[in-house]
$ cat protein_3.cif   # mmCIF, C-alpha atoms
data_structure
#
loop_
_atom_site.label_atom_id
_atom_site.label_comp_id
_atom_site.auth_asym_id
_atom_site.auth_seq_id
_atom_site.Cartn_x
_atom_site.Cartn_y
_atom_site.Cartn_z
CA MET A 1 -24.23 19.79 -7.76
CA ASN A 2 -22.13 20.82 -4.79
CA GLN A 3 -18.92 19.20 -3.78
CA SER A 4 -20.23 17.03 -0.97
CA ALA A 5 -23.16 15.70 -3.00
CA ARG A 6 -20.76 14.85 -5.79
CA GLU A 7 -18.45 13.13 -3.34
CA ALA A 8 -21.31 11.07 -1.91
CA GLU A 9 -22.45 10.04 -5.38
CA TRP A 10 -18.96 9.03 -6.51
CA GLY A 11 -18.51 7.09 -3.29
CA ASN A 12 -21.73 5.16 -3.82
CA TRP A 13 -20.80 4.28 -7.36
CA LEU A 14 -17.34 3.04 -6.45
CA ARG A 15 -18.71 1.08 -3.50
CA LEU A 16 -21.13 -0.73 -5.83
CA ALA A 17 -18.39 -1.17 -8.41
CA MET A 18 -16.07 -2.87 -5.93
CA ASP A 19 -18.82 -5.40 -5.30
CA GLY A 20 -18.94 -6.12 -9.02
CA ASP A 21 -21.44 -3.61 -10.46
CA ALA A 22 -19.94 -2.76 -13.87
CA ALA A 23 -22.60 -0.16 -14.71
CA ALA A 24 -21.90 1.76 -11.50
CA TYR A 25 -18.18 1.61 -12.22
CA ASP A 26 -18.78 2.96 -15.71
CA ARG A 27 -20.69 5.91 -14.20
CA PHE A 28 -17.94 6.51 -11.67
CA LEU A 29 -15.12 6.48 -14.21
CA ARG A 30 -17.02 8.63 -16.70
CA ALA A 31 -17.83 11.12 -13.96
CA VAL A 32 -14.26 11.39 -12.68
CA THR A 33 -12.48 11.48 -16.05
CA PRO A 34 -13.54 15.01 -17.11
CA TYR A 35 -12.19 16.40 -13.84
CA LEU A 36 -8.90 14.60 -14.30
CA ARG A 37 -8.75 15.86 -17.87
CA SER A 38 -9.32 19.42 -16.78
CA MET A 39 -6.55 19.16 -14.16
CA ALA A 40 -4.11 17.57 -16.60
CA ARG A 41 -4.90 20.08 -19.39
CA LYS A 42 -4.41 23.03 -17.12
CA ARG A 43 -0.95 21.80 -16.14
CA CYS A 44 0.00 20.91 -19.70
CA ASN A 45 -0.92 24.43 -20.77
CA MET A 46 1.07 25.95 -17.95
CA LEU A 47 4.12 23.87 -18.78
CA GLY A 48 3.84 23.99 -22.55
CA VAL A 49 3.40 20.23 -22.83
CA SER A 50 1.25 19.12 -25.78
CA ALA A 51 -2.42 18.41 -25.09
CA GLY A 52 -2.06 14.83 -26.36
CA GLU A 53 0.15 14.13 -23.37
CA ALA A 54 -2.61 15.32 -21.07
CA GLU A 55 -4.73 12.40 -22.20
CA ASP A 56 -1.86 10.01 -21.41
CA VAL A 57 -1.66 11.52 -17.93
CA VAL A 58 -5.42 11.03 -17.53
CA GLN A 59 -5.12 7.36 -18.49
CA GLU A 60 -2.19 6.79 -16.18
CA VAL A 61 -4.13 8.31 -13.29
CA LEU A 62 -7.25 6.27 -14.13
CA LEU A 63 -5.17 3.08 -14.12
CA ALA A 64 -3.76 3.97 -10.70
CA VAL A 65 -7.26 4.60 -9.33
CA HIS A 66 -8.37 1.27 -10.80
CA LEU A 67 -5.45 -0.83 -9.56
CA LYS A 68 -5.43 0.72 -6.08
CA ARG A 69 -9.17 0.89 -5.40
CA ALA A 70 -8.84 -1.94 -2.86
CA THR A 71 -7.00 0.53 -0.59
CA TRP A 72 -10.12 2.68 -0.23
CA ASP A 73 -11.81 1.96 3.06
CA THR A 74 -15.45 2.08 1.88
CA SER A 75 -16.67 3.34 5.26
CA ARG A 76 -14.70 6.57 4.75
CA PRO A 77 -15.49 9.46 2.37
CA ILE A 78 -13.98 9.01 -1.06
CA GLY A 79 -12.63 12.55 -1.45
CA PRO A 80 -9.38 12.36 0.54
CA TRP A 81 -8.56 8.95 -0.92
CA LEU A 82 -9.17 9.97 -4.50
CA SER A 83 -7.38 13.31 -4.12
CA THR A 84 -4.27 11.65 -2.69
CA ILE A 85 -4.06 9.01 -5.43
CA VAL A 86 -4.65 11.54 -8.21
CA ARG A 87 -2.20 14.02 -6.78
CA ASN A 88 0.56 11.45 -6.39
CA LYS A 89 0.10 9.92 -9.78
CA MET A 90 -0.12 13.26 -11.54
CA ILE A 91 3.09 14.48 -9.93
CA ASP A 92 4.78 11.18 -10.92
CA SER A 93 3.49 11.33 -14.44
CA PHE A 94 4.71 14.87 -15.07
CA ARG A 95 8.01 14.17 -13.34
CA LYS A 96 8.59 11.36 -15.81
CA ARG A 97 8.00 13.91 -18.55
CA GLY A 98 10.73 16.01 -16.99
CA ARG A 99 8.40 18.58 -15.42
CA HIS A 100 7.93 19.32 -11.79
CA ILE A 101 4.43 20.27 -10.81
CA SER A 102 2.63 20.67 -7.57
CA VAL A 103 -0.95 19.59 -7.10
CA PRO A 104 -2.59 21.02 -4.00
CA ILE A 105 -4.27 18.25 -2.09
CA ASP A 106 -7.75 19.81 -2.22
CA ASP A 107 -7.55 20.42 -5.91
CA VAL A 108 -9.24 17.24 -7.06
CA MET A 109 -12.55 17.56 -5.29
CA GLU A 110 -12.56 21.32 -5.71
CA THR A 111 -11.84 21.39 -9.41
CA LEU A 112 -14.85 23.22 -10.75
CA GLN A 113 -14.86 22.86 -14.45
CA ALA A 114 -14.97 19.46 -16.05
CA GLU A 115 -13.62 19.10 -19.55
CA ASP A 116 -15.46 16.66 -21.74
CA ARG A 117 -14.28 18.00 -25.03
CA ARG A 118 -11.43 15.85 -26.23
CA SER A 119 -8.54 17.30 -28.15
CA GLY A 120 -7.84 16.29 -31.73
CA LEU A 121 -4.50 14.92 -30.59
CA GLU A 122 -4.42 11.20 -29.99
CA PRO A 123 -3.09 9.69 -26.80
CA ALA A 124 -0.48 6.94 -26.94
CA ASP A 125 -0.98 4.70 -29.93
CA LEU A 126 -3.13 1.64 -29.24
CA GLU A 127 -0.99 -0.73 -31.28
CA LYS A 128 2.15 0.50 -29.55
CA MET A 129 0.56 -0.18 -26.16
CA LEU A 130 -0.74 -3.58 -27.25
CA ALA A 131 2.70 -4.58 -28.49
CA GLY A 132 3.86 -4.38 -24.89
CA LEU A 133 1.34 -7.02 -23.80
CA ARG A 134 1.51 -10.77 -24.20
CA ASP A 135 -1.18 -13.06 -25.58
CA PRO A 136 -3.89 -13.76 -24.57
CA GLN A 137 -3.91 -10.40 -22.79
CA ARG A 138 -3.45 -8.54 -26.05
CA GLU A 139 -6.34 -10.32 -27.74
CA ILE A 140 -8.57 -9.75 -24.73
CA VAL A 141 -7.77 -6.04 -24.60
CA ARG A 142 -8.48 -5.70 -28.31
CA SER A 143 -11.70 -7.67 -28.03
CA ILE A 144 -13.15 -5.68 -25.12
CA SER A 145 -11.88 -2.19 -25.89
CA VAL A 146 -12.03 -2.02 -29.67
CA SER A 147 -14.77 -4.50 -30.55
CA GLY A 148 -16.72 -3.67 -27.41
CA ASP A 149 -17.32 -7.30 -26.48
CA GLY A 150 -18.12 -8.41 -22.95
CA ILE A 151 -16.29 -11.03 -20.91
CA ARG A 152 -18.58 -13.83 -22.07
CA GLU A 153 -18.30 -13.12 -25.81
CA THR A 154 -14.55 -12.75 -25.48
CA ALA A 155 -14.29 -16.04 -23.60
CA GLU A 156 -16.35 -17.85 -26.23
CA ARG A 157 -14.38 -16.44 -29.12
CA LEU A 158 -11.00 -17.19 -27.58
CA LYS A 159 -12.19 -20.58 -26.25
CA MET A 160 -11.22 -19.67 -22.70
CA SER A 161 -13.18 -19.85 -19.47
CA GLU A 162 -14.73 -16.60 -18.26
CA GLY A 163 -12.61 -16.81 -15.11
CA ALA A 164 -9.43 -17.07 -17.15
CA VAL A 165 -10.48 -14.04 -19.22
CA ARG A 166 -11.10 -12.04 -16.05
CA VAL A 167 -7.72 -12.94 -14.62
CA ALA A 168 -5.97 -12.13 -17.90
CA LEU A 169 -7.83 -8.81 -18.18
CA HIS A 170 -6.73 -7.82 -14.67
CA ARG A 171 -3.14 -8.71 -15.55
CA ALA A 172 -3.43 -6.76 -18.79
CA LEU A 173 -4.48 -3.63 -16.88
CA LYS A 174 -1.52 -4.09 -14.55
CA GLY A 175 0.65 -4.52 -17.62
CA LEU A 176 -0.66 -1.29 -19.16
CA ALA A 177 0.12 0.58 -15.94
CA MET A 178 3.66 -0.84 -16.03
CA LEU A 179 4.04 0.26 -19.65
CA TYR A 180 3.03 3.78 -18.72
CA ARG A 181 5.46 3.81 -15.83
CA SER A 182 8.39 2.63 -17.90
CA GLU A 183 7.61 4.85 -20.89
CA MET B 1 -5.62 3.95 -26.86
CA GLN B 2 -8.70 6.10 -26.39
CA THR B 3 -9.65 6.85 -22.81
CA ASP B 4 -13.15 5.51 -23.53
CA ASP B 5 -11.64 2.17 -24.54
CA LEU B 6 -9.57 2.06 -21.36
CA ILE B 7 -12.72 2.71 -19.32
CA LYS B 8 -14.44 -0.19 -21.09
CA LEU B 9 -11.59 -2.47 -20.04
CA MET B 10 -11.69 -1.29 -16.44
CA THR B 11 -15.47 -1.67 -16.10
CA GLN B 12 -15.14 -5.34 -17.08
CA ASP B 13 -12.71 -5.70 -14.16
CA ALA B 14 -14.91 -3.84 -11.66
CA ARG B 15 -15.03 -6.32 -8.81
CA VAL B 16 -12.30 -6.16 -6.17
CA ARG B 17 -11.18 -9.63 -5.17
CA HIS B 18 -8.98 -8.84 -2.21
CA ARG B 19 -9.35 -5.72 -0.10
CA LEU B 20 -6.29 -4.39 1.64
CA ASN B 21 -7.36 -4.89 5.28
CA PRO B 22 -7.96 -8.66 5.19
CA VAL B 23 -4.91 -9.25 3.00
CA PHE B 24 -2.74 -7.35 5.46
CA VAL B 25 -4.18 -9.11 8.51
CA VAL B 26 -3.58 -12.54 6.95
CA ALA B 27 -0.01 -11.51 6.10
CA VAL B 28 0.70 -10.38 9.67
CA ILE B 29 -0.79 -13.49 11.29
CA GLY B 30 1.07 -15.72 8.82
CA GLY B 31 4.34 -13.92 9.48
CA LEU B 32 3.90 -14.16 13.23
CA LEU B 33 3.16 -17.91 13.04
CA ILE B 34 6.18 -18.65 10.86
CA SER B 35 8.36 -16.60 13.17
CA VAL B 36 7.13 -18.50 16.27
CA LEU B 37 7.62 -21.86 14.54
CA LEU B 38 11.12 -20.84 13.49
CA LEU B 39 11.95 -19.95 17.09
CA ILE B 40 10.56 -23.23 18.44
CA ALA B 41 12.34 -25.26 15.75
CA THR B 42 15.72 -23.63 16.38
CA ILE B 43 16.58 -22.09 19.74
CA GLY B 44 13.27 -22.91 21.43
CA LEU B 45 11.24 -21.18 24.12
CA ARG B 46 13.03 -20.47 27.37
CA PRO B 47 12.62 -23.59 29.52
CA ASP B 48 11.26 -21.68 32.51
CA LEU B 49 8.81 -19.56 30.47
CA ALA B 50 5.72 -20.50 32.51
CA GLN B 51 7.27 -19.28 35.78
CA ALA B 52 9.38 -16.50 34.29
CA ILE B 53 6.37 -14.80 32.72
CA GLN B 54 5.02 -14.21 36.22
CA THR B 55 8.04 -12.15 37.20
CA PRO B 56 7.64 -8.43 36.55
CA ARG B 57 10.68 -8.03 34.26
CA VAL B 58 9.73 -10.84 31.89
CA ALA B 59 6.06 -9.88 31.84
CA PHE B 60 7.13 -6.29 31.12
CA LYS B 61 9.49 -7.33 28.33
CA ILE B 62 6.98 -9.54 26.53
CA GLY B 63 4.06 -7.16 27.09
CA LEU B 64 6.03 -4.14 25.89
CA MET B 65 7.13 -5.93 22.73
CA PHE B 66 3.57 -7.00 21.91
CA ILE B 67 2.25 -3.47 22.41
CA LEU B 68 5.05 -2.07 20.25
CA ALA B 69 4.36 -4.69 17.56
CA ALA B 70 0.64 -3.90 17.56
CA THR B 71 1.12 -0.12 17.29
CA CYS B 72 3.79 -0.40 14.58
CA THR B 73 1.77 -2.92 12.59
CA ARG B 74 -1.22 -0.58 12.61
CA ILE B 75 0.99 2.24 11.29
CA ALA B 76 2.32 0.00 8.50
CA LEU B 77 -1.25 -0.73 7.40
CA ILE B 78 -2.48 2.87 7.52
CA ILE B 79 0.60 4.20 5.70
CA GLY B 80 -0.53 2.21 2.65
CA LYS B 81 -3.95 3.86 2.52
CA PRO B 82 -4.08 7.14 0.62
CA GLY B 83 -5.85 9.99 2.37
CA VAL B 84 -5.96 8.46 5.85
CA SER B 85 -4.22 10.54 8.50
CA LEU B 86 -1.33 8.83 10.29
CA LYS B 87 -1.36 11.20 13.25
CA PRO B 88 -3.63 9.23 15.63
CA ALA B 89 -1.69 6.01 14.93
CA LEU B 90 1.65 7.75 15.44
CA ALA B 91 0.42 9.31 18.68
CA LEU B 92 -0.30 5.82 20.02
CA LEU B 93 3.44 5.09 19.77
CA ALA B 94 3.71 7.18 22.92
CA VAL B 95 2.27 4.22 24.86
CA PRO B 96 5.19 1.81 24.31
CA VAL B 97 7.72 4.66 24.51
CA LEU B 98 6.39 5.87 27.87
CA LEU B 99 6.14 2.30 29.15
CA LEU B 100 9.75 1.68 28.25
CA GLY B 101 10.78 4.95 29.90
CA ALA B 102 8.94 3.95 33.07
CA GLY B 103 10.56 0.50 32.96
CA ILE B 104 14.02 2.01 32.66
CA VAL B 105 13.42 4.40 35.58
CA LEU B 106 12.14 1.58 37.81
CA GLU B 107 15.11 -0.60 36.87
CA LEU B 108 17.63 2.15 37.59
CA ARG B 109 16.00 2.71 40.99
CA SER B 110 15.85 -0.93 42.01
CA VAL B 111 19.33 -1.92 40.85
CA ALA B 112 22.57 -0.55 42.29
CA SER B 113 24.40 1.70 39.82
CA GLY B 114 27.37 -0.64 39.76
CA GLU B 115 25.12 -3.29 38.24
CA TRP B 116 23.73 -1.11 35.45
CA GLY B 117 26.46 -1.95 32.96
CA THR B 118 26.15 -5.72 33.44
CA ARG B 119 22.38 -5.53 33.09
CA LEU B 120 22.65 -3.50 29.92
CA ILE B 121 25.21 -5.76 28.28
CA GLY B 122 23.42 -8.94 29.37
CA GLN B 123 24.61 -12.38 28.32
CA ASN B 124 23.38 -12.73 24.79
CA SER B 125 23.46 -9.36 23.06
CA GLY B 126 25.20 -10.67 19.92
CA PHE B 127 22.74 -13.50 19.67
CA CYS B 128 19.82 -11.09 20.01
CA LEU B 129 21.21 -8.91 17.22
CA LEU B 130 21.51 -11.94 14.96
CA PHE B 131 18.27 -13.67 15.81
CA LEU B 132 15.86 -10.77 15.98
CA PRO B 133 16.44 -9.79 12.32
CA LEU B 134 16.28 -13.46 11.34
CA LEU B 135 12.89 -13.87 13.02
CA SER B 136 11.67 -10.73 11.26
CA LEU B 137 12.25 -12.09 7.75
CA ALA B 138 8.93 -13.93 7.36
CA PRO B 139 6.77 -11.09 8.75
CA LEU B 140 8.69 -8.59 6.62
CA ALA B 141 8.34 -10.59 3.41
CA LEU B 142 4.62 -11.19 3.92
CA MET B 143 3.96 -7.59 4.93
CA PHE B 144 5.75 -6.39 1.80
CA ALA B 145 3.65 -8.76 -0.31
CA ALA B 146 0.50 -7.19 1.20
CA LEU B 147 1.84 -3.64 0.82
CA LYS B 148 2.48 -4.26 -2.88
CA GLN B 149 -1.29 -3.86 -3.16
CA ALA B 150 -1.26 -0.67 -1.13
CA ALA B 151 -0.62 2.87 -2.34
CA PRO B 152 1.83 4.54 0.05
CA VAL B 153 2.64 8.18 -0.66
CA SER B 154 6.27 7.43 0.19
CA PRO B 155 7.34 3.85 -0.67
CA SER B 156 10.55 4.20 1.37
CA LEU B 157 8.70 5.28 4.50
CA ALA B 158 6.16 2.49 4.02
CA GLY B 159 9.07 0.05 3.80
CA ALA B 160 10.56 1.46 7.00
CA ALA B 161 7.19 1.19 8.77
CA ALA B 162 6.88 -2.44 7.67
CA GLY B 163 10.44 -2.96 8.92
CA PHE B 164 9.66 -1.49 12.34
CA ALA B 165 6.50 -3.58 12.56
CA SER B 166 8.16 -6.85 11.58
CA GLY B 167 11.16 -6.06 13.80
CA ALA B 168 8.80 -5.52 16.73
CA ILE B 169 6.92 -8.75 15.92
CA ALA B 170 10.28 -10.56 15.83
CA GLY B 171 11.15 -8.91 19.17
CA SER B 172 7.91 -10.23 20.71
CA VAL B 173 8.77 -13.71 19.49
CA TYR B 174 12.42 -13.54 20.55
CA ALA B 175 11.32 -12.37 23.99
CA LEU B 176 9.85 -15.86 24.50
CA HIS B 177 13.40 -17.22 24.37
CA CYS B 178 15.62 -14.37 25.54
CA PRO B 179 17.22 -14.89 28.96
CA ASP B 180 18.12 -11.20 29.39
CA ASP B 181 15.24 -9.58 31.20
CA SER B 182 16.40 -6.10 32.18
CA PRO B 183 14.57 -3.17 30.56
CA LEU B 184 18.06 -1.74 30.02
CA PHE B 185 18.89 -4.70 27.79
CA VAL B 186 15.58 -4.43 25.92
CA ALA B 187 15.98 -0.68 25.39
CA THR B 188 19.44 -1.19 23.92
CA TRP B 189 19.68 -4.44 21.97
CA TYR B 190 16.07 -4.97 20.93
CA PHE B 191 16.01 -1.36 19.81
CA ILE B 192 19.17 -1.80 17.71
CA GLY B 193 17.84 -5.03 16.19
CA ILE B 194 14.47 -3.50 15.30
CA THR B 195 16.14 -0.41 13.84
CA LEU B 196 18.32 -2.61 11.63
CA VAL B 197 15.22 -4.31 10.24
CA ALA B 198 13.54 -0.93 9.72
CA PHE B 199 16.59 0.31 7.82
CA GLY B 200 16.41 -2.78 5.58
CA GLY B 201 12.70 -2.13 5.04
CA TRP B 202 13.44 1.48 4.13
CA LEU B 203 15.99 0.42 1.49
CA LEU B 204 13.75 -2.29 0.02
CA GLY B 205 10.59 -0.19 0.17
CA GLY B 206 12.04 2.46 -2.12
CA ARG B 207 12.51 -0.19 -4.79
CA MET B 208 9.68 -2.61 -4.22
CA LEU B 209 6.71 -0.56 -3.06
CA ARG B 210 6.49 1.94 -5.93
CA TRP B 211 3.18 1.98 -7.73
#
$ encode --input "protein_3.cif" --output "C-alpha cells"
Amino acid sequence: MNQSAREAEWGNWLRLAMDGDAAAYDRFLRAVTPYLRSMARKRCNMLGVSAGEAEDVVQEVLLAVHLKRATWDTSRPIGPWLSTIVRNKMIDSFRKRGRHISVPIDDVMETLQAEDRRSGLEPADLEKMLAGLRDPQREIVRSISVSGDGIRETAERLKMSEGAVRVALHRALKGLAMLYRSE
Amino acid sequence: MQTDDLIKLMTQDARVRHRLNPVFVVAVIGGLLISVLLLIATIGLRPDLAQAIQTPRVAFKIGLMFILAATCTRIALIIGKPGVSLKPALALLAVPVLLLGAGIVLELRSVASGEWGTRLIGQNSGFCLLFLPLLSLAPLALMFAALKQAAPVSPSLAGAAAGFASGAIAGSVYALHCPDDSPLFVATWYFIGITLVAFGGWLLGGRMLRW
C-alpha cells in the first residue's frame, strides 16, 4: 500500500475511533505500532540503547497519541499531525534517557518497514507501573489489560457504574503517561 | 506492561469527549466575559462611551485592539495543534501592525510636534500598566486550561502566544474605559502591558504546558 492510501486509511480509523468506535481504534493502533517500533528500534541500535527500552519508547509515544488525539482536526490529513506528535515525543523520550536524537519530520509516514516481531526483552514491568497508580485505577487497568475484560464486566465486578469506570480508565492512562515522563 | 495490553486499555477509552476547538472557544469567550464584568464592577466603562466611540481615535483604538485580540487568539489556538502551519496565521498579524503604523502616521501629521510627548504620556499610563495585566488574568487562566489539552511543539512559545492573546483581549476590554485615545498612547502603553502578559505566559508555559 502506498503512503497516501495508508494515510487515508489511518485517518478514517482514527476519525471513527474519536466518535467511539473501539474496533476502528484497535485497527489504528495496531497499524501504527509496528512503524513506531521500527523507528524506535533503529534509533536504539544506533545509540546502543537496549531493545527493551525501544518498547518503552513505543508505549510512551502511543500514550501521547492517545491523550492528544483531540488536537487532530479531523478535516485535515492525519500524516502531519501524527508525524509531529511522534517526532516530539520520541525526541523527549530519548532525551530523558540521556541521548539526543533527531527525527526528520517526514520520517513517520515514510518509514517503510514495519516491525512486528517483538524482542525477547520485556518493557517496563507491569507491577512497577501499576504501583504508581491509585485504586480503583489500578484494578481497572489490571482487569482490562491483563484479564481482557470490557468496561461492562469491569464495572460489574468492581460494583461501579460504567461511566465511573470510563472516567477512571481515562485518568489511569493519563497517570501512566505521567509515570513515563517522570521515570 | 506489554504494548498489546496498553492498546487494549486505550481502545476502551476510544471516544474523545472534548475536542480542542470547542474547548478553546469556550475558554476565550468565558475569559472575555469575566474580564468585561471585572472592568464594569471596578473602574467601569467610560461615561461618554456611546459618543466617544463615534470619534475616529476611540473607534480606531477599540477596533485595533479587537483585531489584534482576534489574530493573536487564533495563533494561540493553532500553536497547540501539531502539524498545522502557523505561517498564514502569523502573516495576518500584519493587519493590526500596519493599522497601528497608519494610525501613528496620521496622528503625527494631525498633531503639532510639540504635542506629541503629552499625547504619548497621556493621563493614565500607570493605571493602564496595572489594569491591563489584571484584566488579562481570567482569559490567560482559561486559555492555559484549554491549552493543557493541546500539544504545542514548544510549551514556552505556546504560553507566550496565550499571553499575547489574553493581553490583547484585556487591551480590548480596557479600551472601553481608557480616557487616553491617541494612537501614540496605545502604541506605547498598551504594547508594554501586553508584552508583560506575554512574558508571564512564556514563563508559565514552559512549566505548565509540557505534555
$ resolve_selection --input "protein_3.cif" --expression "the PyMOL selection byres ((chain A and resi 4) around 12)" --output "list of chain:residue names"
A:Met1, A:Asn2, A:Gln3, A:Ala5, A:Arg6, A:Glu7, A:Ala8, A:Glu9, A:Trp10, A:Gly11, A:Pro77, A:Ile78, A:Gly79, A:Pro80, A:Met109, A:Glu110
$ resolve_selection --input "protein_3.cif" --expression "the PyMOL selection byres ((chain A) within 8 of (chain B))" --output "number ranges by chain"
A: 17-23, 25-26, 29-30, 55, 58-59, 64, 66, 68-72, 80-85, 88, 122-127, 129, 141, 144-146, 148, 150-151, 166, 169-170, 173
$ atom_distance --input "protein_3.cif" --atom1 "CA of Gly122 in chain B" --atom2 "CA of Phe185 in chain B"
6.4 Å
$ residues_around --input "protein_3.cif" --residues "Glu60 in chain A" --least-positions-apart "5" --cutoff "8 Å" --atoms "all atoms listed in the file" --output "ChimeraX atom specification"
/A:89,93,177,180
$ resolve_selection --input "protein_3.cif" --expression "the PyMOL selection byres ((chain B and resi 57) around 10)" --output "ChimeraX atom specification"
/B:52-56,58-63,103,107,180-183
$ write_last_selection --input "protein_3.cif" --atoms "C-alpha atoms" --output "PDB file, keeping the file's coordinate frame"
ATOM      1  CA  ALA B  52       9.380 -16.500  34.290  1.00  0.00           C
ATOM      2  CA  ILE B  53       6.370 -14.800  32.720  1.00  0.00           C
ATOM      3  CA  GLN B  54       5.020 -14.210  36.220  1.00  0.00           C
ATOM      4  CA  THR B  55       8.040 -12.150  37.200  1.00  0.00           C
ATOM      5  CA  PRO B  56       7.640  -8.430  36.550  1.00  0.00           C
ATOM      6  CA  VAL B  58       9.730 -10.840  31.890  1.00  0.00           C
ATOM      7  CA  ALA B  59       6.060  -9.880  31.840  1.00  0.00           C
ATOM      8  CA  PHE B  60       7.130  -6.290  31.120  1.00  0.00           C
ATOM      9  CA  LYS B  61       9.490  -7.330  28.330  1.00  0.00           C
ATOM     10  CA  ILE B  62       6.980  -9.540  26.530  1.00  0.00           C
ATOM     11  CA  GLY B  63       4.060  -7.160  27.090  1.00  0.00           C
ATOM     12  CA  GLY B 103      10.560   0.500  32.960  1.00  0.00           C
ATOM     13  CA  GLU B 107      15.110  -0.600  36.870  1.00  0.00           C
ATOM     14  CA  ASP B 180      18.120 -11.200  29.390  1.00  0.00           C
ATOM     15  CA  ASP B 181      15.240  -9.580  31.200  1.00  0.00           C
ATOM     16  CA  SER B 182      16.400  -6.100  32.180  1.00  0.00           C
ATOM     17  CA  PRO B 183      14.570  -3.170  30.560  1.00  0.00           C
TER      18      PRO B 183
END
$ closest_residue --input "protein_3.cif" --among "A:Ile101, A:Leu133, A:Leu47, A:Leu158" --to "Leu179 in chain A" --atoms "only C-alpha atoms"
A:Leu133
$ atom_distance --input "protein_3.cif" --atom1 "CA of Gly163 in chain B" --atom2 "CA of Phe127 in chain B"
19.4 Å
$ closest_residue --input "protein_3.cif" --among "A:Ser182, A:Ser50, A:Ser147, A:Gln137" --to "Val165 in chain A" --atoms "only C-alpha atoms"
A:Gln137
$ closest_residue --input "protein_3.cif" --among "B:Leu132, B:Ala161, B:Val25, B:Leu100" --to "Ala187 in chain B" --atoms "only C-alpha atoms"
B:Leu100
$ axis_aligned_box --input "protein_3.cif" --around "range 108-116 of chain B" --padding-each-side "6 Å" --output "AutoDock Vina command-line options"
--center_x 21.6 --center_y -0.3 --center_z 38.9 --size_x 23.5 --size_y 18.0 --size_z 18.8
$ residues_around --input "protein_3.cif" --residues "Leu32 in chain B" --least-positions-apart "5" --cutoff "12 Å" --atoms "all atoms listed in the file" --output "PyMOL selection string"
chain B and resi 25-27+37-39+66+69-70+73+135-143+165-174
$ residues_near_point --input "protein_3.cif" --point "(-2.5, 12.4, -16.6)" --cutoff "9 Å" --atoms "all atoms listed in the file" --output "list in words"
Leu36, Arg37, Met39, Ala40, Arg41, Glu53, Ala54, Glu55, Asp56, Val57, Val58, Gln59, Glu60, Val61, Leu62, Val86, Lys89, Met90, Ile91, Ser93 and Phe94 of chain A
$ closest_residue --input "protein_3.cif" --among "B:Gly193, B:Pro47, B:Pro155, B:Pro88" --to "Gly126 in chain B" --atoms "all atoms listed in the file"
B:Gly193
$ atom_distance --input "protein_3.cif" --atom1 "CA of Phe28 in chain A" --atom2 "CA of Trp13 in chain A"
5.6 Å
$ closest_residue --input "protein_3.cif" --among "A:Ile140, A:Leu14, A:Ala155, A:Val167" --to "Val65 in chain A" --atoms "all atoms listed in the file"
A:Leu14
$ build_atoms --input "protein_3.cif" --residues "range 58-69 of chain A" --atoms "N, CA and C atoms" --output "PDB file, in the frame of the given file"
ATOM      1  N   VAL A  58      -4.090  11.435 -17.999  1.00  0.00           N
ATOM      2  CA  VAL A  58      -5.420  11.030 -17.530  1.00  0.00           C
ATOM      3  C   VAL A  58      -5.503   9.499 -17.446  1.00  0.00           C
ATOM      4  N   GLN A  59      -5.031   8.831 -18.477  1.00  0.00           N
ATOM      5  CA  GLN A  59      -5.120   7.360 -18.490  1.00  0.00           C
ATOM      6  C   GLN A  59      -4.243   6.738 -17.416  1.00  0.00           C
ATOM      7  N   GLU A  60      -3.081   7.326 -17.207  1.00  0.00           N
ATOM      8  CA  GLU A  60      -2.190   6.790 -16.180  1.00  0.00           C
ATOM      9  C   GLU A  60      -2.835   6.930 -14.795  1.00  0.00           C
ATOM     10  N   VAL A  61      -3.475   8.084 -14.576  1.00  0.00           N
ATOM     11  CA  VAL A  61      -4.130   8.310 -13.290  1.00  0.00           C
ATOM     12  C   VAL A  61      -5.326   7.361 -13.129  1.00  0.00           C
ATOM     13  N   LEU A  62      -6.103   7.186 -14.200  1.00  0.00           N
ATOM     14  CA  LEU A  62      -7.250   6.270 -14.130  1.00  0.00           C
ATOM     15  C   LEU A  62      -6.784   4.851 -13.790  1.00  0.00           C
ATOM     16  N   LEU A  63      -5.680   4.426 -14.405  1.00  0.00           N
ATOM     17  CA  LEU A  63      -5.170   3.080 -14.120  1.00  0.00           C
ATOM     18  C   LEU A  63      -4.756   2.952 -12.653  1.00  0.00           C
ATOM     19  N   ALA A  64      -4.160   4.020 -12.107  1.00  0.00           N
ATOM     20  CA  ALA A  64      -3.760   3.970 -10.700  1.00  0.00           C
ATOM     21  C   ALA A  64      -4.995   3.866  -9.801  1.00  0.00           C
ATOM     22  N   VAL A  65      -6.021   4.663 -10.115  1.00  0.00           N
ATOM     23  CA  VAL A  65      -7.260   4.600  -9.330  1.00  0.00           C
ATOM     24  C   VAL A  65      -7.833   3.182  -9.398  1.00  0.00           C
ATOM     25  N   HIS A  66      -7.820   2.618 -10.607  1.00  0.00           N
ATOM     26  CA  HIS A  66      -8.370   1.270 -10.800  1.00  0.00           C
ATOM     27  C   HIS A  66      -7.577   0.226 -10.002  1.00  0.00           C
ATOM     28  N   LEU A  67      -6.256   0.237 -10.162  1.00  0.00           N
ATOM     29  CA  LEU A  67      -5.450  -0.830  -9.560  1.00  0.00           C
ATOM     30  C   LEU A  67      -5.328  -0.686  -8.050  1.00  0.00           C
ATOM     31  N   LYS A  68      -5.581   0.513  -7.520  1.00  0.00           N
ATOM     32  CA  LYS A  68      -5.430   0.720  -6.080  1.00  0.00           C
ATOM     33  C   LYS A  68      -6.762   0.901  -5.371  1.00  0.00           C
ATOM     34  N   ARG A  69      -7.883   0.604  -6.039  1.00  0.00           N
ATOM     35  CA  ARG A  69      -9.170   0.890  -5.400  1.00  0.00           C
ATOM     36  C   ARG A  69      -9.404   0.034  -4.165  1.00  0.00           C
TER      37      ARG A  69
END
